[in-house]
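Notes for the one structure printed next.
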Amino acid sequence: MNWYEKLNKYFPIEEMKSKKHMEMLMKEKGDVYHKDEGQYHVLMYAEFDSFLFIDYVWVSSQARGKGIGHKLIEKLKRRNKPIILEVEPVDYDDTDSAKRLHFYKREGFSHAQYIDYNRRSLATNEETPMEILYWSPNDEPEEEIYQKMKQMYEVIHTYKDEEIYGKPYQPVDEVLSYDEERNSNDIFENLTEKA
């Protein structure tokens, strides 16, 4: 399996970019969008001047629990910039979703409770609510994480969207909002310890 097949098999269709989109990002925005690939992992990420965005991280089921994910995150942390990523809301019937959250909690990530993020999938045309997790070496406020997330959305997610998909993604202000009154519980709060 090539790197894209690995990601495509693991991530839900509504969260996946097309292979063409990702290849164009690597070719045309290669100073920002990167692939880190090994025998047991694929990491797709964007590095901006003031932050990093993890687009996709996949670790082979045969290699889970061997510290590969931790090493990948540590490598990014050494750049001393905030790291932002998207996760689907926890599904207590899906053990993988809880395991992912446990992993990010162990790695020191926080849940951005004031950021609302809901975009329409171009693949399914359905609303796809996501949660934002972040790690910051300098305890950056959520409002700054929100501004960085907006920048990433406009530079990475919507890059040549009409050319690639035949229609555009929604504008950033329809997809992302910041509200300190948002009624959102910490996604890490109700995790059971055993997952």
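We name chains A, B, ... following the order of the structure tokens; residues begin at 1 in each chain, and ligands are numbered from 1 as shown.
For Met26 in chain A, the residues within 12 Å (counting only C-alpha atoms, excluding itself and residues fewer than 6 positions away along the chain) are Lys19, Lys20, Val32, Tyr33, His34, Lys35, Asp36, Met44, Tyr45, Ala46, Glu47, Ile156 and Tyr159 of chain A.
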Expected file contents, prior selection, C-alpha atoms, as a compact mmCIF listing (two decimals), in the first residue's frame:
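Output saved as result-v3.txt:
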```
# COMPACT_ATOMS: atom_id res chain seq x y z
CA LYS A 19 -4.61 12.34 -3.42
CA LYS A 20 -4.42 15.06 -6.10
CA VAL A 32 4.84 24.48 3.98
CA TYR A 33 3.21 21.07 3.40
CA HIS A 34 5.26 17.97 4.21
CA LYS A 35 5.12 14.18 4.30
CA ASP A 36 7.10 12.16 6.85
CA MET A 44 1.23 14.77 6.79
CA TYR A 45 1.75 18.22 8.28
CA ALA A 46 2.05 21.90 7.47
CA GLU A 47 4.71 24.10 9.01
CA ILE A 156 -4.13 24.21 3.17
CA TYR A 159 -6.02 25.21 -1.64
```
All residues 12 Å or closer to Arg106 in chain A, only C-alpha atoms, same chain fewer than 4 positions away omitted, as a short mmCIF file (atom, residue, chain, number, x, y, z; two decimals) with N, CA and C atoms, in the first residue's frame:
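Result written to part_32.cif:
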```cif
data_model
loop_
_atom_site.label_atom_id
_atom_site.label_comp_id
_atom_site.auth_asym_id
_atom_site.auth_seq_id
_atom_site.Cartn_x
_atom_site.Cartn_y
_atom_site.Cartn_z
N GLY A 67 5.88 3.33 20.51
CA GLY A 67 6.46 4.66 20.66
C GLY A 67 6.66 5.45 19.38
N GLY A 69 4.33 6.99 17.41
CA GLY A 69 3.55 8.22 17.47
C GLY A 69 4.20 9.24 18.39
N HIS A 70 4.67 8.79 19.54
CA HIS A 70 5.34 9.68 20.50
C HIS A 70 6.57 10.33 19.87
N ILE A 73 5.55 13.07 17.39
CA ILE A 73 5.10 14.29 18.08
C ILE A 73 6.29 15.01 18.71
N GLU A 74 7.19 14.26 19.31
CA GLU A 74 8.38 14.88 19.93
C GLU A 74 9.22 15.62 18.89
N LYS A 99 -8.84 5.89 21.92
CA LYS A 99 -7.38 5.66 21.98
C LYS A 99 -6.63 6.87 21.45
N ARG A 100 -7.12 7.46 20.35
CA ARG A 100 -6.47 8.65 19.81
C ARG A 100 -6.45 9.77 20.85
N LEU A 101 -7.60 9.98 21.49
CA LEU A 101 -7.67 11.04 22.49
C LEU A 101 -6.74 10.77 23.67
N HIS A 102 -6.68 9.52 24.13
CA HIS A 102 -5.74 9.17 25.20
C HIS A 102 -4.31 9.49 24.79
N SER A 110 -4.14 20.06 24.60
CA SER A 110 -5.34 20.63 25.24
C SER A 110 -6.46 20.69 24.22
N TRP A 135 -1.15 21.87 21.26
CA TRP A 135 -0.06 21.85 22.22
C TRP A 135 0.70 23.15 22.01
N PHE A 188 -11.37 15.73 26.85
CA PHE A 188 -10.57 14.76 27.60
C PHE A 188 -11.23 14.35 28.92
N GLU A 193 -10.10 5.61 31.84
CA GLU A 193 -8.67 5.41 31.93
C GLU A 193 -8.16 4.19 31.19
#
```
Discussion item. Report as a PyMOL selection string all protein, DNA and RNA residues lying within 12 Å of Gln62 in chain A, evaluated on only C-alpha atoms, omitting residues in the same chain fewer than 5 positions from it.
Written reply: chain A and resi 39-41+67-68
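Among the candidates A:Glu174, A:Asp49, A:Glu144, A:Glu28, the residue lying nearest to Arg120 in chain A is A:Glu174 (atoms considered: only C-alpha atoms).
Proximity of A:Lys167, A:Lys9, A:Lys81, A:Lys29 to Trp58 in chain A, computed with only C-alpha atoms, is greatest for A:Lys9.
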